[in-house]
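**Student:** Dropping a structure here in structure tokens format, bear with me for questions.
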2 protein chains.
Amino acid sequence: MAKELKELTSRSENYSGWYQDLVIKAELAENSAVRGCMVIKPYGYAIWEKMQRILDDMFKETGHVNAYFPLLIPKSFLSKEAQHVEGFAKECAVVTHYRLKNDPNGGGVVVDPAAKLDEELIIRPTSETIIWNTYRNWIHSYRDLPILINQWANVMRWEMRTRLFLRTAEFLWQEGHTAHATREEAEAETVKMQEVYAVFAEKYMAMPVIKGIKSESERFAGAENTYTIEAMMQDGKALQAGTTHFLGQNFGKAFDVTFIDREGKTDYAWATSWGVSTRLVGALIMCHSDDNGLVLPPLLAPIQVVIIPIYRSVEQLEQIGEKISGIVSRLKAMGISVKYDDADNKKPGWKFAEYELKGVPVRLAMGGRDLENNTIEVMRRDKLEKETRACDGIEEYVRDLLGDIQRNIYRKAYDFRASHTVSVDTYEEFKERIEEGLFIMAHWDGTAETEERIKNETKATIRCIPLEGDETPGNCMVTGKTSARRVLFARAY
Amino acid sequence: MAKELKELTSRSENYSGWYQDLVIKAELAENSAVRGCMVIKPYGYAIWEKMQRILDDMFKETGHVNAYFPLLIPKSFLSKEAQHVEGFAKECAVVTHYRLKNDPNGGGVVVDPAAKLDEELIIRPTSETIIWNTYRNWIHSYRDLPILINQWANVMRWEMRTRLFLRTAEFLWQEGHTAHATREEAEAETVKMQEVYAVFAEKYMAMPVIKGIKSESERFAGAENTYTIEAMMQDGKALQAGTTHFLGQNFGKAFDVTFIDREGKTDYAWATSWGVSTRLVGALIMCHSDDNGLVLPPLLAPIQVVIIPIYRSVEQLEQIGEKISGIVSRLKAMGISVKYDDADNKKPGWKFAEYELKGVPVRLAMGGRDLENNTIEVMRRDKLEKETRACDGIEEYVRDLLGDIQRNIYRKAYDFRASHTVSVDTYEEFKERIEEGLFIMAHWDGTAETEERIKNETKATIRCIPLEGDETPGNCMVTGKTSARRVLFARAY
């Protein structure tokens with residue numbers, strides 16, 4: 001059983017097979033009966049809940065409040081912002097009827113043709129349109145601004161090729177939608193929320209990210225500027241982990257949202273939107289996990305410490321249980337989530353493999369000899385290292401160990417990215433090296449044509465124009481034209 | 001301005017107009033551009049968030065975990081459980097296409113006829129079918145049971161007549177879906193969750209409820225038994241605040257969910273489901289509020305204490321602010337949510353009216369004389385009573401006052417219900433008294449025919465067969481046939 005559980009495809013063998021295998025075997029999610037839609041299982045959902053709670057607190061600390069807008073959007077709303085409809089109309093679920101009826105031929109239920117909607121409704125792929133249509137009635141004066149609202153919701157995009165967490169037809173996310181009196185304030189909000197996302201990724205997910213702005217072709221449909229955080233997965237591919245959009249006055253104009261400013265003049269409101277989704281669970285898995293299963297950062301692990309008794313008799317189990325109960329309550333008092341697994345229908349070896357697979361950061365085990373010696377075995381999941389320690393002071397040791405694990409997996413991911421990032425000056429070299437699975441810093445002439453050519457010829461895209469790092473100008477590796485600075489290229493999820 | 005804000009329709013004048021007015025003016029919710037769907041505004045959503053957090057903790061304490069299942073349900077799933085489809089097929093949003101395209105005639109976007117789904121998908125009105133279709137793969141042995149899962153989600157029922165919070169096409173809710181090895185265990189779960197709902201309603205919402213079971217005609221479509229908690233609103237009408245369903249093996253059989261029991265025999269799994277929704281926000285408003293606005297129980301109020309400075313000069317405002325900052329931090333340290341509103345573009349009178357309308361339980365106000373005397377004015381929203389108290393020890397006083405308000409509004413609602421509940425023995429008297437807006441305890445012969453007749457003739461329904469209270473047998477007020485006990489009749493939301 002233990003063996004069967006651990007039989008994951010290895011990363012080197014087939015990275016994408018490993019990912020799919022791990023998501024299923026660690027019971028994070030599975031495909032559903034509805035094409036492209038997943039079932040998020042309790043263990044996977046528990047990770048998402050931890051992310052939600054932390055992000056929600058961060059949004060509230062930066063002055064945002066939550067609200068809820070309708071799931072369905074009138075079809076005509078999509079057409080109001082020209083770029084937006086281009087980006088989203090192609091892949092959306094359309095509600096055309098509002099009733100079923102019994103099949104007169106006895107074949108279950110059929111759509112009732114009499115219940116056809118006058119105007120079709122779209123399941124939201126994102127909510128700018130319905131929200132800005134609402135804001136029109138909320139905004140009249142600069143005194144009504146800013147509006148700093150976030151929504152936790154499900155959205156739907158009819159993706160053709162889906163992958164659990166990374167790309168699904170329905171996904172869960174948060175979408176911030178803010179309205180401002182000035183361009184400067186809206187731009188500052190966009191940058192601020194990018195920073196919130198970066199802090200979340202690095203501090204909690206232990207996933208280093210590169211902050212940058214998107215090239216014009218990679219922008220959100222309807223945005224004047226898109227800010228992104230980009231992370232490297234273990235196959236060297238990039239994953240866009242969160243984006244924030246400066247929408248200018250595009251939605252203000254499309255939905256006629258005007259206000260009287262301080263000088264008494266009428267102007268359109270300025271907008272931003274920003275979101276992260278259940279995709280982050282996929283990023284978390286791909287960033288840290290190994291061939292034995294998940295590796296979770298302690299700050300997001302649903303169970304931080306698991307304790308397993310190894311016993312020969314009911315009496316011994318009772319003695320161990322007694323000893324452990326003190327440790328459990330002291331760990332809990334420190335705010336650490338602990339599970340004592342004394343289920344008697346599973347062997348310790350099976351449990352060890354199970355919690356390794358599930359990525360529990362610290363495993364404690366106590367057997368008969370430990371009981372005699374007042375010791376306990378400590379295993380850290382990130383390095384798979386074991387040691388035996390005295391029970392006295394074990395709680396403080398475990399607390400510090402959790403901190404060390406959090407730092408270590410961040411450092412490991414950081415070093416991995418550093419050793420897989422190169423600067424390249426010729427397109428020849430670029431084409432060769434992109435095959436290795438790297439982040440490549442290269443010069444680009446700033447045109448959509450060159451970008452498109454590189455994408456077609458190498459499958460690599462401009463992930464972002466970094467906000468930090470080397471800003472030396474140079475010449476485009478493809479056309480030789482001038483380039484303001486190196487940009488980040490990679491293949492991406 | 002203060003006057004305009006407070007101009008609510010009064011309850012005696014028009015109860016339902018008062019409710020609608022209050023929801024809008026207190027900025028809890030508003031109608032959206034999509035028929036029957038509401039926008040939940042930040043203040044209304046903050047109340048729902050408080051409810052969610054408390055309920056979620058209660059579910060977890062009783063051993064449940066959260067998960068997430070798809071929004072869309074294949075049409076054929078609905079037909080698998082005969083009663084279920086009868087109950088839900090009539091009012092559901094149907095997705096028939098998955099793409100829009102540019103209108104060749106230039107009229108925005110139109111549905112792409114080439115993107116028609118082979119099988120239509122329904123936006124979940126409730127998730128028993130998709131969840132039990134999933135459980136089939138999760139359940140094989142009694143060792144896989146019980147499954148104790150809850151989901152926080154949006155659902156959609158195409159209601160013809162909608163009312164903010166109380167009945168909307170889309171609403172937010174939680175739905176628990178559990179699977180068990182035995183009938184007894186599933187029944188115990190159904191009763192346990194009814195009790196969780198009752199505790200939530202009474203302890204947190206300060207809303208007394210009557211626990212009971214539904215008559216056959218009022219059962220959930222597909223249930224063998226429905227348990228309910230029923231609350232009285234201020235117009236004497238009943239509001240069903242939460243239901244838990246014992247589903248027997250209906251869904252186990254419909255979706256072929258079998259397991260090997262302890263004796264090695266194959267059996268169908270036993271099911272329950274249970275849910276409460278954003279309807280509870282409506283119940284909360286209608287249960288306690290008055291002609292001046294919302295009255296919120298402190299345990300669910302987004303802001304528990306508001307503090308307003310009354311000043312003649314900037315210097316005085318600074319002095320008051322200094323004094324208040326100590327009170328604010330001591331209240332916060334006690335876990336009390338406080339807002340110090342020193343905005344200078346609104347007058348104190350306007351603020352007083354605003355926070356009264358918003359139902360903030362305690363208002364503190366400090367002016368120049370208070371500053372001199374080291375006093376502060378305290379107003380409790382439930383009784384609209386003011387007093388001036390010394391600043392020393394004010395934090396403990398406010399903490400105790402919040403507890404007192406919570407108890408007082410529960411007591412008030414309890415007494416109101418007691419004085420509006422009567423026992424009636426003849427149908428003649430029943431028809432007269434039901435017009436007064438009462439809960440009526442009366443004998444009923446247990447048949448659907450009599451129930452239907454009463455409903456048609458009086459608009460009153462059997463809210464429940466109470467689990468507690470007078471169990472004396474008698475004779476049906478309509479037919480004179482024997483009746484096991486009095487049941488609860490009322491008109492209902």
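Identifiers in this document derive from the order of the structure tokens: chains are assigned A, B, ..., residues are numbered from 1 separately in each chain, and ligands are numbered from 1 in order of occurrence.
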Using only C-alpha atoms and a distance of at most 8 Å, pull out the residues of chain A that contact chain B, as number ranges by chain.

**Tutor:** A: 32-34, 37-42, 44-46, 65-76, 79, 89-101, 108-109, 111, 130, 134, 149, 158, 170

**Student:** Val424 (chain B): which residues within 9 Å, counting only C-alpha atoms, same-chain residues fewer than 2 positions away excluded, as a ChimeraX atom specification?

**Tutor:** /B:422,426-427,429-430,433,440-443,477

**Student:** Store the residues of this selection in a file with N, CA and C atoms, as a PDB file, in the first residue's frame.

**Tutor:**
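Output contents, as saved in part-v4.pdb:
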```pdb
ATOM      1  N   VAL B 422     -50.731  31.744  19.173  1.00  0.00           N
ATOM      2  CA  VAL B 422     -51.956  31.314  19.861  1.00  0.00           C
ATOM      3  C   VAL B 422     -52.301  29.872  19.500  1.00  0.00           C
ATOM      4  N   THR B 426     -60.876  25.823  16.393  1.00  0.00           N
ATOM      5  CA  THR B 426     -61.843  25.701  15.299  1.00  0.00           C
ATOM      6  C   THR B 426     -61.296  26.401  14.058  1.00  0.00           C
ATOM      7  N   TYR B 427     -61.713  25.887  12.925  1.00  0.00           N
ATOM      8  CA  TYR B 427     -61.256  26.435  11.648  1.00  0.00           C
ATOM      9  C   TYR B 427     -61.795  27.850  11.466  1.00  0.00           C
ATOM     10  N   GLU B 429     -62.284  30.112  13.837  1.00  0.00           N
ATOM     11  CA  GLU B 429     -61.407  31.016  14.565  1.00  0.00           C
ATOM     12  C   GLU B 429     -60.053  31.154  13.854  1.00  0.00           C
ATOM     13  N   PHE B 430     -59.581  30.033  13.319  1.00  0.00           N
ATOM     14  CA  PHE B 430     -58.303  30.034  12.595  1.00  0.00           C
ATOM     15  C   PHE B 430     -58.331  31.057  11.460  1.00  0.00           C
ATOM     16  N   ARG B 433     -58.228  34.626  12.906  1.00  0.00           N
ATOM     17  CA  ARG B 433     -57.020  35.043  13.598  1.00  0.00           C
ATOM     18  C   ARG B 433     -55.772  35.061  12.713  1.00  0.00           C
ATOM     19  N   ILE B 440     -49.996  30.126  14.635  1.00  0.00           N
ATOM     20  CA  ILE B 440     -51.149  29.431  15.216  1.00  0.00           C
ATOM     21  C   ILE B 440     -50.839  27.947  15.397  1.00  0.00           C
ATOM     22  N   MET B 441     -51.002  27.480  16.639  1.00  0.00           N
ATOM     23  CA  MET B 441     -50.829  26.059  16.935  1.00  0.00           C
ATOM     24  C   MET B 441     -52.210  25.419  16.836  1.00  0.00           C
ATOM     25  N   ALA B 442     -52.338  24.468  15.904  1.00  0.00           N
ATOM     26  CA  ALA B 442     -53.659  23.883  15.713  1.00  0.00           C
ATOM     27  C   ALA B 442     -53.531  22.408  15.363  1.00  0.00           C
ATOM     28  N   HIS B 443     -54.610  21.690  15.557  1.00  0.00           N
ATOM     29  CA  HIS B 443     -54.623  20.263  15.214  1.00  0.00           C
ATOM     30  C   HIS B 443     -54.924  20.068  13.738  1.00  0.00           C
ATOM     31  N   MET B 477     -58.817  20.595  13.223  1.00  0.00           N
ATOM     32  CA  MET B 477     -59.761  21.727  13.253  1.00  0.00           C
ATOM     33  C   MET B 477     -60.639  21.755  12.004  1.00  0.00           C
TER      34      MET B 477
END
```

**Student:** Nearest residue to Val23 (chain A) out of A:Asn137, A:Ser289, A:Thr272, A:Ser277, using only C-alpha atoms?

**Tutor:**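 Nearest to Val23 (chain A): A:Ser289.
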
**Student:** Which of these residues is nearest to Arg312 (chain B), using only C-alpha atoms: B:Ser10, B:Glu81, B:Lys347, B:Gly335?

**Tutor:**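 Of B:Ser10, B:Glu81, B:Lys347, B:Gly335, the one nearest Arg312 (chain B), counting only C-alpha atoms, is B:Lys347.
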
**Student:** If you count only C-alpha atoms, which residues fall within 6 Å of region 459-468 of chain B, apart from same-chain ones fewer than 3 positions away, as a list in words?

**Tutor:**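 Selected residues are Lys211, Gly212, Ile213, Lys214, Lys455, Asn456, Val487, Leu488, Phe489, Ala490 and Arg491 of chain B.
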
**Student:** Since we have the selection now, will you write its residues out, keeping C-alpha atoms, as a PDB file, in the first residue's frame?

**Tutor:**
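To be explicit, this is the file written out as out09.pdb:
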```
ATOM      1  CA  LYS B 211     -37.320  23.482  15.485  1.00  0.00           C
ATOM      2  CA  GLY B 212     -39.522  21.028  13.723  1.00  0.00           C
ATOM      3  CA  ILE B 213     -39.996  18.764  10.752  1.00  0.00           C
ATOM      4  CA  LYS B 214     -41.752  19.642   7.530  1.00  0.00           C
ATOM      5  CA  LYS B 455     -53.398  26.870   2.254  1.00  0.00           C
ATOM      6  CA  ASN B 456     -55.818  27.738  -0.516  1.00  0.00           C
ATOM      7  CA  VAL B 487     -48.616  21.764  14.412  1.00  0.00           C
ATOM      8  CA  LEU B 488     -47.413  25.273  13.581  1.00  0.00           C
ATOM      9  CA  PHE B 489     -49.355  27.237  10.973  1.00  0.00           C
ATOM     10  CA  ALA B 490     -48.439  30.661   9.630  1.00  0.00           C
ATOM     11  CA  ARG B 491     -48.233  32.735   6.532  1.00  0.00           C
TER      12      ARG B 491
END
```

**Student:** Please list as a PyMOL selection string every residue within 9 Å of region 236-250 of chain B, counting only C-alpha atoms and excluding residues in the same chain fewer than 2 positions away.

**Tutor:** chain B and resi 81+176+183+186-187+189-191+193-194+197-198+201+209+219-220+222-234+252-255+268-277+279-280+283+416-417+420-421+436-439+463+489-493

**Student:** Suppose we keep C-alpha atoms; can you now write the selection as a PDB file, in the first residue's frame?

**Tutor:**
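Once written, again38.pdb looks like this:
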```pdb
ATOM      1  CA  GLU B  81     -33.866  11.388  -9.018  1.00  0.00           C
ATOM      2  CA  GLY B 176     -23.551  20.401   3.342  1.00  0.00           C
ATOM      3  CA  ARG B 183     -29.699   5.189   8.248  1.00  0.00           C
ATOM      4  CA  ALA B 186     -27.492   9.917   8.552  1.00  0.00           C
ATOM      5  CA  GLU B 187     -30.572  10.745  10.585  1.00  0.00           C
ATOM      6  CA  GLU B 189     -26.415  14.069  11.221  1.00  0.00           C
ATOM      7  CA  THR B 190     -29.626  15.700   9.982  1.00  0.00           C
ATOM      8  CA  VAL B 191     -30.729  16.421  13.542  1.00  0.00           C
ATOM      9  CA  MET B 193     -27.054  20.153  11.805  1.00  0.00           C
ATOM     10  CA  GLN B 194     -30.557  21.419  12.545  1.00  0.00           C
ATOM     11  CA  TYR B 197     -28.492  26.123  12.723  1.00  0.00           C
ATOM     12  CA  ALA B 198     -30.754  26.719  15.725  1.00  0.00           C
ATOM     13  CA  ALA B 201     -29.891  31.672  14.845  1.00  0.00           C
ATOM     14  CA  VAL B 209     -36.555  29.727  16.244  1.00  0.00           C
ATOM     15  CA  ARG B 219     -40.271  18.617   2.010  1.00  0.00           C
ATOM     16  CA  PHE B 220     -37.172  19.210  -0.096  1.00  0.00           C
ATOM     17  CA  GLY B 222     -35.833  14.197  -3.036  1.00  0.00           C
ATOM     18  CA  ALA B 223     -35.815  14.075   0.774  1.00  0.00           C
ATOM     19  CA  GLU B 224     -37.409  11.489   3.051  1.00  0.00           C
ATOM     20  CA  ASN B 225     -37.567  14.020   5.827  1.00  0.00           C
ATOM     21  CA  THR B 226     -36.853  17.743   6.087  1.00  0.00           C
ATOM     22  CA  TYR B 227     -35.974  19.416   9.386  1.00  0.00           C
ATOM     23  CA  THR B 228     -36.406  23.154   9.675  1.00  0.00           C
ATOM     24  CA  ILE B 229     -35.923  26.140  11.924  1.00  0.00           C
ATOM     25  CA  GLU B 230     -38.729  28.704  11.645  1.00  0.00           C
ATOM     26  CA  ALA B 231     -38.496  32.284  12.845  1.00  0.00           C
ATOM     27  CA  MET B 232     -41.140  34.959  13.279  1.00  0.00           C
ATOM     28  CA  MET B 233     -40.740  38.309  11.559  1.00  0.00           C
ATOM     29  CA  GLN B 234     -42.207  41.528  12.971  1.00  0.00           C
ATOM     30  CA  GLY B 252     -27.310   6.652  -3.469  1.00  0.00           C
ATOM     31  CA  LYS B 253     -29.677   4.699  -5.699  1.00  0.00           C
ATOM     32  CA  ALA B 254     -30.057   7.386  -8.372  1.00  0.00           C
ATOM     33  CA  PHE B 255     -26.270   7.651  -8.786  1.00  0.00           C
ATOM     34  CA  TYR B 268     -26.393   2.033  -0.989  1.00  0.00           C
ATOM     35  CA  ALA B 269     -24.937   4.983   0.900  1.00  0.00           C
ATOM     36  CA  TRP B 270     -27.231   7.121   3.049  1.00  0.00           C
ATOM     37  CA  ALA B 271     -27.339  10.859   2.438  1.00  0.00           C
ATOM     38  CA  THR B 272     -28.081  14.177   4.075  1.00  0.00           C
ATOM     39  CA  SER B 273     -27.915  17.730   2.834  1.00  0.00           C
ATOM     40  CA  TRP B 274     -28.401  21.036   4.650  1.00  0.00           C
ATOM     41  CA  GLY B 275     -28.137  24.695   3.828  1.00  0.00           C
ATOM     42  CA  VAL B 276     -28.544  28.274   4.862  1.00  0.00           C
ATOM     43  CA  SER B 277     -28.223  31.233   2.538  1.00  0.00           C
ATOM     44  CA  ARG B 279     -31.704  34.865   3.016  1.00  0.00           C
ATOM     45  CA  LEU B 280     -30.514  34.955   6.638  1.00  0.00           C
ATOM     46  CA  ALA B 283     -34.269  37.482   8.269  1.00  0.00           C
ATOM     47  CA  PHE B 416     -42.894  39.320  20.480  1.00  0.00           C
ATOM     48  CA  ARG B 417     -43.257  35.785  19.211  1.00  0.00           C
ATOM     49  CA  HIS B 420     -48.129  36.526  18.707  1.00  0.00           C
ATOM     50  CA  THR B 421     -48.562  32.787  19.070  1.00  0.00           C
ATOM     51  CA  GLU B 436     -53.807  39.211  12.620  1.00  0.00           C
ATOM     52  CA  GLY B 437     -50.342  37.933  11.686  1.00  0.00           C
ATOM     53  CA  LEU B 438     -49.837  35.129  14.168  1.00  0.00           C
ATOM     54  CA  PHE B 439     -48.215  31.766  14.663  1.00  0.00           C
ATOM     55  CA  ARG B 463     -44.417  25.653   8.906  1.00  0.00           C
ATOM     56  CA  PHE B 489     -49.355  27.237  10.973  1.00  0.00           C
ATOM     57  CA  ALA B 490     -48.439  30.661   9.630  1.00  0.00           C
ATOM     58  CA  ARG B 491     -48.233  32.735   6.532  1.00  0.00           C
ATOM     59  CA  ALA B 492     -44.680  32.716   5.381  1.00  0.00           C
ATOM     60  CA  TYR B 493     -41.955  34.433   3.365  1.00  0.00           C
TER      61      TYR B 493
END
```

**Student:** Residues at most 12 Å from region 25-27 of chain A, counting only C-alpha atoms, excluding those fewer than 6 positions away in the same chain, as an NGL selection string?

**Tutor:** (:A and (4-9 or 17-19 or 39-47 or 164 or 285 or 289 or 292-296 or 353-360)) or (:B and (67 or 138))

**Student:** Within 10 Å of Lys386 (chain B), counting only C-alpha atoms, which residues show up once you throw out same-chain ones fewer than 5 positions away? Write them as a list of chain:residue names, please.

**Tutor:** B:Val362, B:Arg363, B:Leu364, B:Glu377, B:Val378, B:Met379, B:Arg380, B:Arg381

**Student:** Export, as an mmCIF file, in the first residue's frame, the selected residues with C-alpha atoms.

**Tutor:**
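What ended up in out09.cif:
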```
data_model
loop_
_atom_site.group_PDB
_atom_site.id
_atom_site.type_symbol
_atom_site.label_atom_id
_atom_site.label_comp_id
_atom_site.auth_asym_id
_atom_site.auth_seq_id
_atom_site.Cartn_x
_atom_site.Cartn_y
_atom_site.Cartn_z
ATOM 1 C CA VAL B 362 -23.260 51.389 20.457
ATOM 2 C CA ARG B 363 -22.482 55.005 19.665
ATOM 3 C CA LEU B 364 -20.098 57.073 21.757
ATOM 4 C CA GLU B 377 -22.064 60.069 25.843
ATOM 5 C CA VAL B 378 -23.202 56.481 25.299
ATOM 6 C CA MET B 379 -26.161 55.594 23.060
ATOM 7 C CA ARG B 380 -27.487 52.053 22.673
ATOM 8 C CA ARG B 381 -29.151 51.490 19.306
#
```

**Student:** Running DSSP on the backbone, which parts of region 16-214 of chain A land in strand (DSSP E or B), as a ChimeraX atom specification?

**Tutor:** /A:29-31,38-40,65-66,68,72-74,94-97,100-102,109-111,116-123,141,147-156,163,167,170-180,209-213

**Student:** With distances taken over only C-alpha atoms, which residue among A:Glu184, A:Glu202, A:Asp392, A:Glu449 lies nearest Ile409 (chain A)?

**Tutor:**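 Going through A:Glu184, A:Glu202, A:Asp392, A:Glu449 one by one, the smallest distance to Ile409 (chain A) is for A:Glu202.
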
**Student:** Considering only C-alpha atoms, state which residue in the set B:Ile327, B:Ile210, B:Cys476, B:Val338 is at the smallest distance from Gly393 (chain B).

**Tutor:** B:Ile327
